[in-house]
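Next comes input.cif, with mmCIF, C-alpha atoms and all ligand atoms.
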data_input
#
loop_
_atom_site.label_atom_id
_atom_site.label_comp_id
_atom_site.auth_asym_id
_atom_site.auth_seq_id
_atom_site.Cartn_x
_atom_site.Cartn_y
_atom_site.Cartn_z
CA MET A 16 0.00 0.00 0.00
CA LYS A 17 2.73 2.46 0.99
CA ARG A 18 4.75 1.51 -2.05
CA LYS A 19 1.80 2.18 -4.31
CA VAL A 20 1.15 5.60 -2.80
CA LYS A 21 4.81 6.55 -3.15
CA GLU A 22 4.74 5.39 -6.74
CA TRP A 23 1.65 7.44 -7.51
CA LEU A 24 3.10 10.55 -5.93
CA GLU A 25 6.49 10.15 -7.57
CA ASP A 26 5.34 9.44 -11.10
CA GLY A 27 2.73 12.19 -10.92
CA THR A 28 -0.31 9.92 -11.18
CA VAL A 29 -1.66 11.99 -8.32
CA ASP A 30 -0.74 15.44 -6.99
CA LEU A 31 -1.67 14.55 -3.47
CA PHE A 32 -2.96 11.59 -1.53
CA LEU A 33 -5.54 11.62 1.25
CA GLY A 34 -5.04 8.95 3.89
CA TYR A 35 -4.52 8.64 7.61
CA ARG A 36 -1.63 8.92 10.02
CA MET A 37 -1.21 9.23 13.78
CA ASN A 38 -1.22 12.84 14.89
CA CYS A 39 -1.22 13.88 18.57
CA GLY A 40 -2.11 10.32 19.49
CA HIS A 41 -5.14 10.16 17.22
CA PRO A 42 -5.54 8.50 13.84
CA LEU A 43 -6.38 11.53 11.72
CA PRO A 44 -6.75 12.28 8.03
CA HIS A 45 -3.55 13.43 6.41
CA CYS A 46 -2.68 14.81 3.03
CA PHE A 47 0.48 13.15 1.67
CA THR A 48 2.53 14.98 -0.94
CA LYS A 49 5.54 14.41 -3.13
CA GLU A 50 7.50 17.08 -1.25
CA GLU A 51 7.15 15.12 1.98
CA ILE A 52 7.29 11.66 0.49
CA ASP A 53 8.95 10.13 3.58
CA ASP A 54 5.74 10.75 5.51
CA VAL A 55 4.12 7.99 3.49
CA GLU A 56 5.86 5.59 5.87
CA HIS A 57 3.34 6.74 8.49
CA LEU A 58 0.33 6.03 6.28
CA LEU A 59 -2.20 3.82 8.00
CA VAL A 60 -5.67 2.42 7.54
CA SER A 61 -7.35 3.49 10.71
CA ARG A 62 -10.46 2.16 12.32
CA THR A 63 -11.87 5.66 12.45
CA ARG A 64 -13.52 6.76 9.25
CA TYR A 65 -13.63 10.24 7.82
CA SER A 66 -15.22 11.24 4.58
CA LEU A 67 -12.02 11.68 2.59
CA GLU A 68 -14.06 12.06 -0.59
CA LYS A 69 -15.84 15.08 0.86
CA ILE A 70 -12.44 16.66 1.51
CA ALA A 71 -11.54 15.76 -2.08
CA THR A 72 -14.56 17.75 -3.30
CA HIS A 73 -13.30 20.79 -1.38
CA LEU A 74 -9.91 20.41 -3.06
CA ALA A 75 -11.42 19.84 -6.49
CA LYS A 76 -13.55 22.94 -6.13
CA ARG A 77 -10.43 25.06 -5.63
CA ASP A 78 -8.47 23.43 -8.42
CA PRO A 79 -10.48 21.32 -10.86
CA GLU A 80 -7.26 20.10 -12.51
CA LEU A 81 -5.88 18.58 -9.31
CA LYS A 82 -5.35 14.82 -9.40
CA ILE A 83 -6.37 13.43 -6.05
CA GLY A 84 -5.56 10.01 -4.66
CA LEU A 85 -7.34 8.67 -1.62
CA LEU A 86 -7.71 5.65 0.56
CA ALA A 87 -11.13 4.15 -0.10
CA ARG A 88 -13.14 1.69 1.89
CA ASP A 89 -16.27 0.27 0.31
CA CYS A 90 -18.35 3.18 1.59
CA ASN A 91 -15.84 5.77 0.31
CA GLN A 92 -15.90 4.07 -3.08
CA ARG A 93 -19.69 4.20 -3.25
CA ALA A 94 -19.64 7.86 -2.24
CA ILE A 95 -17.04 8.60 -4.94
CA ASN A 96 -19.38 6.98 -7.48
CA VAL A 97 -22.28 9.16 -6.42
CA LEU A 98 -20.12 12.29 -6.33
CA THR A 99 -18.80 11.70 -9.83
CA ILE A 100 -22.31 11.05 -11.16
CA TRP A 101 -23.37 14.39 -9.68
CA HIS A 102 -20.30 16.17 -11.10
CA GLN A 103 -18.76 16.99 -7.73
CA LEU A 104 -15.66 14.98 -8.62
CA ASP A 105 -14.13 14.25 -11.98
CA LYS A 106 -13.70 10.52 -12.33
CA ASP A 107 -10.53 10.93 -14.40
CA LYS A 108 -8.94 12.92 -11.59
CA ILE A 109 -9.77 10.64 -8.68
CA PHE A 110 -7.58 7.68 -7.86
CA ALA A 111 -8.92 5.42 -5.16
CA LEU A 112 -6.71 2.93 -3.40
CA ASN A 113 -9.13 0.32 -2.14
CA VAL A 114 -8.67 -1.08 1.34
CA ASN A 115 -10.24 -3.77 3.42
CA CYS A 116 -13.52 -2.79 4.89
CA CYS A 117 -16.85 -3.58 6.47
CA PRO A 118 -17.38 -6.94 8.10
CA SER A 119 -19.36 -9.51 6.18
CA PRO A 120 -19.31 -13.28 5.90
CA ILE A 121 -16.94 -13.15 2.96
CA LYS A 122 -14.66 -10.64 4.64
CA PRO A 123 -13.63 -11.98 8.01
CA GLN A 124 -10.98 -9.29 8.44
CA ALA A 125 -12.11 -5.72 8.49
CA ASP A 126 -11.03 -2.34 9.77
CA CYS A 127 -14.05 -0.27 10.44
CA SER A 128 -15.56 1.74 13.27
CA TYR A 129 -18.77 -0.18 12.71
CA MET A 130 -17.27 -3.40 13.91
CA SER A 131 -17.77 -2.51 17.54
CA GLY A 132 -21.47 -1.83 17.62
CA GLU A 133 -22.61 -0.59 21.00
CA GLN A 134 -25.59 -2.15 22.62
CA THR A 135 -28.71 -0.01 22.67
CA SER A 136 -30.03 0.96 26.09
CA SER A 137 -33.12 -0.89 27.26
CA TYR A 138 -35.18 2.31 27.57
CA LYS A 139 -34.53 3.18 23.95
CA VAL A 140 -35.44 -0.34 22.87
CA GLN A 141 -38.69 0.00 24.79
CA VAL A 142 -39.89 3.41 23.61
CA GLY A 143 -37.81 4.31 20.58
CA ILE A 144 -36.06 2.64 17.71
CA ASP A 145 -33.13 0.36 18.31
CA ASN A 146 -30.32 1.59 16.04
CA LEU A 147 -29.27 -1.99 15.40
CA MET A 148 -32.67 -2.99 14.07
CA ASP A 149 -33.04 -4.15 10.50
CA ILE A 150 -35.63 -2.71 8.13
CA GLU A 151 -38.01 -5.66 8.35
CA LYS A 152 -38.09 -5.55 12.14
CA ALA A 153 -38.73 -1.81 12.14
CA ASP A 154 -41.52 -2.30 9.62
CA ASP A 155 -43.25 -4.82 11.86
CA PHE A 156 -44.57 -2.21 14.28
CA SER A 157 -48.14 -1.07 13.74
CA ASP A 158 -48.51 2.33 12.04
CA GLN A 159 -49.42 4.01 15.28
CA GLU A 160 -46.52 2.48 17.16
CA LYS A 161 -44.13 3.40 14.37
CA ASN A 162 -45.29 6.97 14.61
CA VAL A 163 -44.82 7.14 18.39
CA ARG A 164 -41.43 5.46 18.30
CA TRP A 165 -40.00 7.53 15.46
CA MET A 166 -41.36 10.74 16.94
CA TYR A 167 -39.65 9.84 20.21
CA GLU A 168 -36.39 9.65 18.27
CA PHE A 169 -36.98 12.82 16.24
CA GLN A 170 -37.93 15.02 19.21
CA LYS A 171 -34.45 14.52 20.63
CA CYS A 172 -32.92 16.35 17.68
CA LEU A 173 -30.60 19.25 18.57
CA LYS A 174 -30.62 20.65 15.06
CA CYS A 175 -26.85 20.52 15.01
CA TYR A 176 -26.91 19.79 11.26
CA GLY A 177 -24.18 17.25 11.94
CA CYS A 178 -25.96 14.63 9.85
CA ARG A 179 -25.91 16.92 6.85
CA ASN A 180 -22.46 18.39 7.44
CA ILE A 181 -20.71 15.07 7.67
CA CYS A 182 -22.58 13.39 4.84
CA PRO A 183 -20.36 12.83 1.80
CA VAL A 184 -23.27 13.18 -0.62
CA CYS A 185 -24.79 16.36 0.87
CA PHE A 186 -23.20 19.04 -1.25
CA CYS A 187 -25.99 21.51 -2.07
CA ALA A 188 -24.95 25.15 -2.12
CA GLU A 189 -28.22 26.01 -0.44
CA CYS A 190 -29.70 23.45 1.86
CA THR A 191 -33.45 22.99 2.23
CA LEU A 192 -32.97 22.31 5.91
CA GLU A 193 -32.00 25.94 6.36
CA HIS A 194 -34.91 27.31 4.36
CA LYS A 195 -36.86 29.43 6.78
CA ASP A 196 -40.24 28.81 5.18
CA LEU A 197 -39.90 25.08 5.32
CA ILE A 198 -38.07 24.57 8.58
CA GLY A 199 -38.83 27.41 10.95
CA PRO A 200 -35.69 28.90 12.48
CA GLY A 201 -35.08 29.33 16.19
CA ARG A 202 -36.98 26.32 17.42
CA LEU A 203 -35.84 23.26 19.27
CA PRO A 204 -36.50 20.55 18.47
CA PRO A 205 -36.80 21.63 14.85
CA GLN A 206 -40.14 21.05 13.20
CA ILE A 207 -40.54 17.30 13.35
CA PRO A 208 -40.90 15.02 11.60
CA ILE A 209 -40.51 17.31 8.58
CA PHE A 210 -36.86 18.11 9.33
CA HIS A 211 -35.87 14.48 9.24
CA LEU A 212 -38.22 13.46 6.48
CA VAL A 213 -37.00 16.21 4.15
CA ARG A 214 -33.50 14.95 4.58
CA ALA A 215 -34.66 11.36 4.17
CA ALA A 216 -36.40 12.27 0.91
CA HIS A 217 -33.22 13.91 -0.37
CA MET A 218 -31.24 10.83 0.48
CA ALA A 219 -33.35 8.70 -1.84
CA GLY A 220 -30.99 7.66 -4.61
CA ARG A 221 -28.07 9.47 -2.97
CA CYS A 222 -27.39 7.88 0.42
CA ILE A 223 -24.72 5.23 0.12
CA ASP A 224 -25.26 3.87 3.62
CA CYS A 225 -21.92 4.84 5.09
CA GLY A 226 -23.45 5.53 8.48
CA LEU A 227 -21.35 8.63 9.16
CA CYS A 228 -24.50 10.65 9.91
CA GLU A 229 -25.61 8.32 12.65
CA ASP A 230 -22.04 8.28 13.98
CA ALA A 231 -22.12 12.07 14.20
CA CYS A 232 -25.60 12.41 15.68
CA PRO A 233 -25.22 13.49 19.31
CA MET A 234 -28.72 12.22 20.04
CA ASP A 235 -28.22 8.77 18.59
CA ILE A 236 -31.17 9.03 16.22
CA PRO A 237 -31.28 5.94 13.97
CA LEU A 238 -30.69 7.91 10.80
CA ARG A 239 -28.94 5.12 8.95
CA LEU A 240 -31.96 2.88 9.32
CA LEU A 241 -34.27 5.65 8.10
CA TYR A 242 -32.19 6.27 4.97
CA ARG A 243 -31.80 2.55 4.41
CA LYS A 244 -35.54 2.30 4.20
CA VAL A 245 -35.63 5.13 1.69
CA GLY A 246 -32.88 3.47 -0.29
CA GLU A 247 -34.77 0.20 -0.28
CA ILE A 248 -37.83 1.90 -1.73
CA VAL A 249 -35.75 3.43 -4.50
CA LYS A 250 -34.31 0.02 -5.24
CA ASN A 251 -37.65 -1.80 -5.23
CA VAL A 252 -39.61 0.79 -7.16
CA PHE A 253 -37.05 2.16 -9.59
CA ASP A 254 -34.54 -0.68 -9.65
CA TYR A 255 -31.81 1.82 -8.79
CA ASN A 256 -28.77 0.73 -6.79
CA THR A 257 -27.37 3.82 -5.13
CA GLY A 258 -23.59 3.96 -5.19
CA GLU A 259 -23.27 1.23 -7.78
CA SER A 260 -25.22 2.56 -10.70
CA SER A 261 -23.38 4.77 -13.14
CA GLU A 262 -26.36 7.00 -13.85
CA GLN A 263 -28.03 9.70 -11.81
CA SER A 264 -30.89 8.48 -9.72
CA PRO A 265 -34.36 8.47 -11.29
CA LEU A 266 -35.34 11.01 -8.67
CA SER A 267 -33.06 13.58 -10.19
CA LEU A 268 -34.90 16.87 -9.98
CA LEU A 269 -31.95 19.02 -10.91
CA GLY A 270 -31.66 20.25 -14.44
CA GLU A 271 -34.16 20.32 -17.25
CA LYS A 272 -35.48 16.83 -17.40
CA VAL A 273 -37.32 14.91 -14.76
CA SER A 274 -37.18 11.23 -15.41
CA LEU A 275 -39.30 8.99 -13.26
CA SER A 276 -39.35 5.67 -14.99
CA LEU A 277 -40.59 2.77 -12.94
CA LYS A 278 -38.92 -0.57 -12.76
CA PRO A 279 -40.38 -2.88 -15.42
CA MET A 280 -42.84 -5.24 -13.79
CA MET B 18 -1.92 22.88 -3.11
CA LYS B 19 -1.48 22.19 0.58
CA CYS B 20 -4.15 20.65 2.73
CA THR B 21 -3.75 20.10 6.46
CA PHE B 22 -5.83 18.75 9.32
CA VAL B 23 -5.20 20.44 12.63
CA PRO B 24 -6.55 18.80 15.77
CA SER B 25 -7.95 21.20 18.33
CA ILE B 26 -10.54 21.65 21.05
CA CYS B 27 -13.81 23.49 20.59
CA SER B 28 -13.55 26.73 22.51
CA TYR B 29 -17.25 27.52 22.73
CA CYS B 30 -18.06 25.82 26.00
CA GLY B 31 -16.56 23.91 28.89
CA THR B 32 -17.33 20.49 27.43
CA GLY B 33 -14.24 20.64 25.26
CA CYS B 34 -15.20 18.54 22.26
CA GLY B 35 -12.44 17.46 19.89
CA VAL B 36 -12.39 19.06 16.46
CA LEU B 37 -10.26 18.92 13.39
CA PHE B 38 -9.71 22.02 11.28
CA GLU B 39 -9.43 21.38 7.57
CA THR B 40 -7.25 23.98 5.87
CA ILE B 41 -6.48 24.38 2.20
CA ASP B 42 -3.57 26.63 1.30
CA GLY B 43 -3.63 28.15 4.75
CA LYS B 44 -7.32 29.00 4.68
CA LEU B 45 -9.67 27.40 7.15
CA ILE B 46 -12.28 25.51 5.15
CA SER B 47 -14.29 23.45 7.57
CA THR B 48 -14.57 21.96 11.03
CA ILE B 49 -14.77 18.20 11.31
CA PRO B 50 -15.55 16.37 14.55
CA MET B 51 -12.62 14.30 15.79
CA LYS B 52 -13.82 10.73 15.74
CA SER B 53 -11.44 9.30 18.30
CA HIS B 54 -11.73 12.11 20.82
CA PRO B 55 -12.46 10.76 24.32
CA VAL B 56 -14.84 13.61 25.22
CA SER B 57 -17.01 13.95 22.16
CA GLY B 58 -16.48 10.73 20.23
CA GLY B 59 -17.02 12.33 16.84
CA LYS B 60 -20.08 14.39 17.74
CA LEU B 61 -20.49 18.15 18.00
CA CYS B 62 -23.23 20.66 18.69
CA ILE B 63 -24.10 23.36 16.19
CA LYS B 64 -21.59 25.78 17.70
CA GLY B 65 -18.71 23.38 17.32
CA TRP B 66 -19.67 22.58 13.74
CA ASN B 67 -19.41 26.25 12.83
CA LEU B 68 -16.15 27.14 14.56
CA HIS B 69 -14.49 28.05 11.29
CA GLU B 70 -17.17 30.58 10.42
CA HIS B 71 -16.31 33.24 12.95
CA ILE B 72 -12.66 33.05 12.01
CA ASN B 73 -13.47 33.76 8.36
CA SER B 74 -16.29 36.19 9.10
CA PRO B 75 -16.01 39.62 7.48
CA MET B 76 -17.69 41.00 10.62
CA ARG B 77 -14.68 40.06 12.69
CA LEU B 78 -12.85 42.91 14.38
CA LYS B 79 -9.20 42.74 13.45
CA LYS B 80 -8.03 46.20 14.54
CA PRO B 81 -8.60 48.09 17.76
CA LEU B 82 -11.26 50.79 17.58
CA VAL B 83 -11.75 53.68 19.96
CA LYS B 84 -15.11 55.33 20.39
CA THR B 85 -14.60 59.07 20.07
CA PHE B 86 -17.57 61.42 19.98
CA GLY B 87 -19.92 58.54 19.31
CA ARG B 88 -17.95 57.10 16.41
CA PHE B 89 -15.56 54.17 16.22
CA ILE B 90 -12.15 55.20 14.95
CA ASN B 91 -9.21 52.99 13.98
CA THR B 92 -6.27 53.23 16.28
CA SER B 93 -3.05 51.45 17.16
CA TRP B 94 -2.83 48.77 19.84
CA ASP B 95 -0.52 50.92 21.97
CA GLU B 96 -2.92 53.80 21.93
CA ALA B 97 -5.95 51.62 22.59
CA ILE B 98 -4.28 50.00 25.60
CA GLN B 99 -3.14 53.38 26.90
CA ILE B 100 -6.63 54.85 26.64
CA THR B 101 -8.14 51.81 28.36
CA ALA B 102 -5.59 51.97 31.18
CA ASP B 103 -6.16 55.71 31.68
CA ARG B 104 -9.93 55.25 31.83
CA PHE B 105 -9.61 52.39 34.31
CA LYS B 106 -7.32 54.52 36.48
CA ASP B 107 -9.83 57.36 36.46
CA ILE B 108 -12.69 55.09 37.43
CA ILE B 109 -10.75 53.37 40.22
CA GLU B 110 -9.62 56.71 41.62
CA LYS B 111 -13.12 58.07 41.61
CA TYR B 112 -15.22 55.08 42.66
CA GLY B 113 -12.78 52.51 44.10
CA PRO B 114 -11.48 49.23 42.62
CA ASP B 115 -14.75 47.34 43.18
CA SER B 116 -16.41 49.53 40.60
CA ILE B 117 -14.66 47.39 38.02
CA GLY B 118 -15.60 43.82 37.11
CA VAL B 119 -13.95 41.33 34.80
CA LEU B 120 -15.90 38.85 32.72
CA VAL B 121 -14.03 35.81 31.48
CA SER B 122 -15.22 33.22 29.05
CA ALA B 123 -15.17 29.55 28.16
CA LYS B 124 -14.07 30.68 24.72
CA MET B 125 -10.72 31.53 26.23
CA SER B 126 -8.04 29.08 27.26
CA ASN B 127 -7.27 28.22 30.91
CA GLU B 128 -4.15 30.33 30.71
CA GLU B 129 -6.00 33.36 29.40
CA ASN B 130 -8.63 33.02 32.11
CA TYR B 131 -5.87 32.78 34.69
CA LEU B 132 -4.25 35.94 33.38
CA ALA B 133 -7.60 37.77 33.39
CA GLN B 134 -8.26 37.00 37.07
CA LYS B 135 -4.66 37.95 37.86
CA LEU B 136 -5.23 41.29 36.17
CA ALA B 137 -8.44 41.78 38.14
CA ARG B 138 -7.01 40.84 41.54
CA ALA B 139 -3.43 42.06 41.37
CA VAL B 140 -3.75 45.10 39.11
CA PHE B 141 -7.30 46.43 39.56
CA GLY B 142 -7.56 45.16 43.14
CA THR B 143 -11.01 43.63 42.87
CA ASN B 144 -12.48 40.16 43.30
CA ASN B 145 -15.24 40.91 40.80
CA VAL B 146 -14.45 38.10 38.39
CA ASP B 147 -17.28 36.25 36.75
CA HIS B 148 -18.07 34.08 33.81
CA CYS B 149 -19.99 34.99 30.69
CA ALA B 150 -22.35 32.06 31.26
CA ARG B 151 -23.76 33.99 34.24
CA LEU B 152 -24.29 37.25 32.40
S1 LIG A 301 -25.44 7.04 5.66
FE1 LIG A 301 -25.77 9.16 6.30
S2 LIG A 301 -23.80 10.20 5.97
FE2 LIG A 301 -23.76 8.27 4.80
S3 LIG A 301 -24.46 8.83 2.75
FE3 LIG A 301 -26.27 8.14 3.90
S4 LIG A 301 -27.12 10.03 4.74
FE4 LIG A 301 -25.05 10.50 4.11
S1 LIG A 302 -29.35 16.91 -0.06
FE1 LIG A 302 -30.90 17.95 1.17
S2 LIG A 302 -30.14 17.83 3.26
FE2 LIG A 302 -28.41 17.41 1.89
S3 LIG A 302 -27.42 19.42 1.58
FE3 LIG A 302 -28.86 19.09 -0.09
S4 LIG A 302 -30.74 20.11 0.60
FE4 LIG A 302 -29.46 19.81 2.41
S1 LIG A 303 -27.19 14.93 13.68
FE1 LIG A 303 -28.92 14.22 14.93
S2 LIG A 303 -29.29 15.90 16.39
FE2 LIG A 303 -28.02 16.74 14.73
S3 LIG A 303 -29.49 17.62 13.27
FE3 LIG A 303 -29.05 15.52 12.58
S4 LIG A 303 -30.66 14.31 13.52
FE4 LIG A 303 -30.63 16.24 14.61
S1 LIG A 304 -19.09 21.42 20.23
FE1 LIG A 304 -20.73 22.30 21.48
S2 LIG A 304 -20.80 21.02 23.32
FE2 LIG A 304 -18.81 20.63 22.30
S3 LIG A 304 -17.37 22.07 23.29
FE3 LIG A 304 -18.19 23.07 21.44
S4 LIG A 304 -19.91 24.28 22.19
FE4 LIG A 304 -19.46 22.78 23.78
#
Translate this structure into structure tokens?
Ligand code: SF4
Ligand code: SF4
Ligand code: SF4
Ligand code: SF4
Amino acid sequence: MKRKVKEWLEDGTVDLFLGYRMNCGHPLPHCFTKEEIDDVEHLLVSRTRYSLEKIATHLAKRDPELKIGLLARDCNQRAINVLTIWHQLDKDKIFALNVNCCPSPIKPQADCSYMSGEQTSSYKVQVGIDNLMDIEKADDFSDQEKNVRWMYEFQKCLKCYGCRNICPVCFCAECTLEHKDLIGPGRLPPQIPIFHLVRAAHMAGRCIDCGLCEDACPMDIPLRLLYRKVGEIVKNVFDYNTGESSEQSPLSLLGEKVSLSLKPM
Amino acid sequence: MKCTFVPSICSYCGTGCGVLFETIDGKLISTIPMKSHPVSGGKLCIKGWNLHEHINSPMRLKKPLVKTFGRFINTSWDEAIQITADRFKDIIEKYGPDSIGVLVSAKMSNEENYLAQKLARAVFGTNNVDHCARL
């Protein structure tokens, strides 16, 4: 891995490389360059995950010609796909070095913050939504119970915007969640459930299920599960696999054309 | 192009969440929560998320201003400090040292807060030191 990065930097395949290294005792993102090539020795794949591709979009915005290399887990790779589809990154200028990732039966070894799932408190399991639940289980509640449980989760919201800020595929110049006519300012909790449902609707065909939003939510709201459900609907109804497909999602409302073609029955 | 990630502590309140400042070519671009930080574990409140904004804000005061005849006028640091010291001296002479109070803040470091109380106690001669959270 280190050899490859050095090679890329030296032969000019990439101008810089985003990875991780220890800094002040923490595994933190680091930008490796040709000028400081010896630093590549410190490159590591850390258990902590940051959205390196989001940082890449910041760099690309400043210099569209910049060739950026980055360490990519499966989730980073999916996010890169979505970002290139939506023209936030140029796929000829992004070089992903794939690394071992999320746990699954075919991947016994994995480095990922998701490996150590914390157990949900019993109170939350009783009145709210267990973050570790799968979609089917969450769908089993009656409509009324679903409403009560999800509203319990939503009313905890601090409106920190962390879920949006950290999300690799949230890149809008103006965010609906800050539109004063839709989400009234100066209220806590924000207007619920509209705040969360607006975001959920936007994540249809965009969310690549990296889970960073839920990681960043100080109130432990099961956002990943919510967006998974939305993603499942997009998959079932439109046959669209977010993060894998090479086309924009059928729910693309940007631009001239609106294409809502249903999955052939 | 140079991009760095500088670990730091949020200065907005006493919790002390861990943040990471993303800079590109020396300009602060965004604040990222530090995932492995023992206090905050990768979470921030809205203040922490927006730390970079007040640094880049055009509203930020970068030069000392002195209010003269109702208007703020640019001045040098030396002059501003001299004027402040003279005014403090006047007030203390007229009304006694307890007519002055010092407000410190969680947005300052421990060392700065220490220096502020030292200034209040040893220089002004007052124990009127309080915190902005009790304003
Ligand atoms: S899981 Fe959360 S952070 Fe990740 S892409 Fe989906 S909405 Fe964004
Ligand atoms: S996708 Fe929605 S939530 Fe995300 S930045 Fe855009 S408007 Fe905001
Ligand atoms: S991260 Fe959690 S608390 Fe913050 S705005 Fe999103 S849902 Fe609300
Ligand atoms: S992020 Fe919020 S809670 Fe954390 S130190 Fe800053 S102001 Fe305090």
Interface rows for chain B against chain A: nearest pair, Å to one decimal, 9 Å, all atoms listed in the file, as JSON lines:
{"residue": "B:Met18", "atom": "CA", "partner": "A:Leu31", "partner_atom": "CA", "distance": 8.3}
{"residue": "B:Lys19", "atom": "CA", "partner": "A:Cys46", "partner_atom": "CA", "distance": 7.9}
{"residue": "B:Cys20", "atom": "CA", "partner": "A:Cys46", "partner_atom": "CA", "distance": 6.0}
{"residue": "B:Thr21", "atom": "CA", "partner": "A:Cys46", "partner_atom": "CA", "distance": 6.4}
{"residue": "B:Phe22", "atom": "CA", "partner": "A:His45", "partner_atom": "CA", "distance": 6.5}
{"residue": "B:Val23", "atom": "CA", "partner": "A:Asn38", "partner_atom": "CA", "distance": 8.9}
{"residue": "B:Pro24", "atom": "CA", "partner": "A:Cys39", "partner_atom": "CA", "distance": 7.8}
{"residue": "B:Leu37", "atom": "CA", "partner": "A:Leu43", "partner_atom": "CA", "distance": 8.5}
{"residue": "B:Glu39", "atom": "CA", "partner": "A:Ile70", "partner_atom": "CA", "distance": 8.2}
{"residue": "B:Ile41", "atom": "CA", "partner": "A:Leu74", "partner_atom": "CA", "distance": 7.4}
{"residue": "B:Ile46", "atom": "CA", "partner": "A:His73", "partner_atom": "CA", "distance": 8.1}
{"residue": "B:Ile49", "atom": "CA", "partner": "A:Ile181", "partner_atom": "CA", "distance": 7.6}
{"residue": "B:Pro50", "atom": "CA", "partner": "A:Ala231", "partner_atom": "CA", "distance": 7.9}
{"residue": "B:Met51", "atom": "CA", "partner": "A:Leu43", "partner_atom": "CA", "distance": 7.9}
{"residue": "B:Lys52", "atom": "CA", "partner": "A:Thr63", "partner_atom": "CA", "distance": 6.4}
{"residue": "B:Ser53", "atom": "CA", "partner": "A:His41", "partner_atom": "CA", "distance": 6.4}
{"residue": "B:His54", "atom": "CA", "partner": "A:His41", "partner_atom": "CA", "distance": 7.8}
{"residue": "B:Ser57", "atom": "CA", "partner": "A:Pro233", "partner_atom": "CA", "distance": 8.7}
{"residue": "B:Gly58", "atom": "CA", "partner": "A:Ala231", "partner_atom": "CA", "distance": 8.4}
{"residue": "B:Gly59", "atom": "CA", "partner": "A:Ala231", "partner_atom": "CA", "distance": 5.7}
{"residue": "B:Lys60", "atom": "CA", "partner": "A:Ala231", "partner_atom": "CA", "distance": 4.7}
{"residue": "B:Leu61", "atom": "CA", "partner": "A:Pro233", "partner_atom": "CA", "distance": 6.8}
{"residue": "B:Cys62", "atom": "CA", "partner": "A:Cys175", "partner_atom": "CA", "distance": 5.2}
{"residue": "B:Ile63", "atom": "CA", "partner": "A:Cys175", "partner_atom": "CA", "distance": 4.1}
{"residue": "B:Lys64", "atom": "CA", "partner": "A:Cys175", "partner_atom": "CA", "distance": 7.9}
{"residue": "B:Gly65", "atom": "CA", "partner": "A:Cys175", "partner_atom": "CA", "distance": 8.9}
{"residue": "B:Trp66", "atom": "CA", "partner": "A:Gly177", "partner_atom": "CA", "distance": 7.2}
Would you mind listing what lies within 8 Å of range 123-135 of chain B as a VMD selection string, with all atoms listed in the file counted and same-chain residues fewer than 2 positions away left out?
-> chain B and resid 28 to 31 119 121 137 to 140 146 148 to 149
From the list A:Cys187, A:Leu197, A:Leu203, A:Ile236, which residue is nearest ligand LIG 302 (chain A) when using only C-alpha atoms and all ligand atoms?
->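 Ranking A:Cys187, A:Leu197, A:Leu203, A:Ile236 by distance to ligand LIG 302 (chain A), first place goes to A:Cys187.
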So which residues fall inside 12 Å of (-25.1, 23.5, -4.7) if we count only C-alpha atoms? Mind giving them as number ranges by chain?
-> A: 76, 101-103, 184-191, 269
Selection from above, C-alpha atoms, as a PDB file, in the frame of the given file, can you write it?
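As written to disk, result07.pdb reads:
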ATOM      1  CA  LYS A  76     -13.550  22.940  -6.130  1.00  0.00           C
ATOM      2  CA  TRP A 101     -23.370  14.390  -9.680  1.00  0.00           C
ATOM      3  CA  HIS A 102     -20.300  16.170 -11.100  1.00  0.00           C
ATOM      4  CA  GLN A 103     -18.760  16.990  -7.730  1.00  0.00           C
ATOM      5  CA  VAL A 184     -23.270  13.180  -0.620  1.00  0.00           C
ATOM      6  CA  CYS A 185     -24.790  16.360   0.870  1.00  0.00           C
ATOM      7  CA  PHE A 186     -23.200  19.040  -1.250  1.00  0.00           C
ATOM      8  CA  CYS A 187     -25.990  21.510  -2.070  1.00  0.00           C
ATOM      9  CA  ALA A 188     -24.950  25.150  -2.120  1.00  0.00           C
ATOM     10  CA  GLU A 189     -28.220  26.010  -0.440  1.00  0.00           C
ATOM     11  CA  CYS A 190     -29.700  23.450   1.860  1.00  0.00           C
ATOM     12  CA  THR A 191     -33.450  22.990   2.230  1.00  0.00           C
ATOM     13  CA  LEU A 269     -31.950  19.020 -10.910  1.00  0.00           C
TER      14      LEU A 269
END
Straight-line distance linking CA of Cys182 in chain A with atom S2 of ligand LIG 303 (chain A), stated in Å to one decimal |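 Value for the CA of Cys182 in chain A-atom S2 of ligand LIG 303 (chain A) distance: 13.6 Å.
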Tyr167 in chain A: which residues within 6 Å, counting all atoms listed in the file, same-chain residues fewer than 3 positions away excluded, as a PyMOL selection string?
-> chain A and resi 143+164+170
Please produce an output containing C-alpha atoms for each residue in the selection, written as a PDB file, in the frame of the given file.
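Once written, out04.pdb looks like this:
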ATOM      1  CA  GLY A 143     -37.810   4.310  20.580  1.00  0.00           C
ATOM      2  CA  ARG A 164     -41.430   5.460  18.300  1.00  0.00           C
ATOM      3  CA  GLN A 170     -37.930  15.020  19.210  1.00  0.00           C
TER       4      GLN A 170
END
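In this comparison, which uses all atoms listed in the file, the residue of A:Glu193, A:Asp54, A:Asp89, A:Glu262 approaching ligand LIG 302 (chain A) most closely is A:Glu193.
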Best match for closeness to ligand LIG 302 (chain A) among A:Leu59, A:Asn113, A:Ile52, A:Tyr242, counting only C-alpha atoms and all ligand atoms =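 Closest residue, counting only C-alpha atoms and all ligand atoms: A:Tyr242.
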Would you kindly return, as a ChimeraX atom specification, each protein, DNA or RNA residue with an atom no farther than 9 Å from any atom of His69 in chain B, considering all atoms listed in the file and excluding same-chain residues fewer than 6 positions away?
-> /B:38,45-48
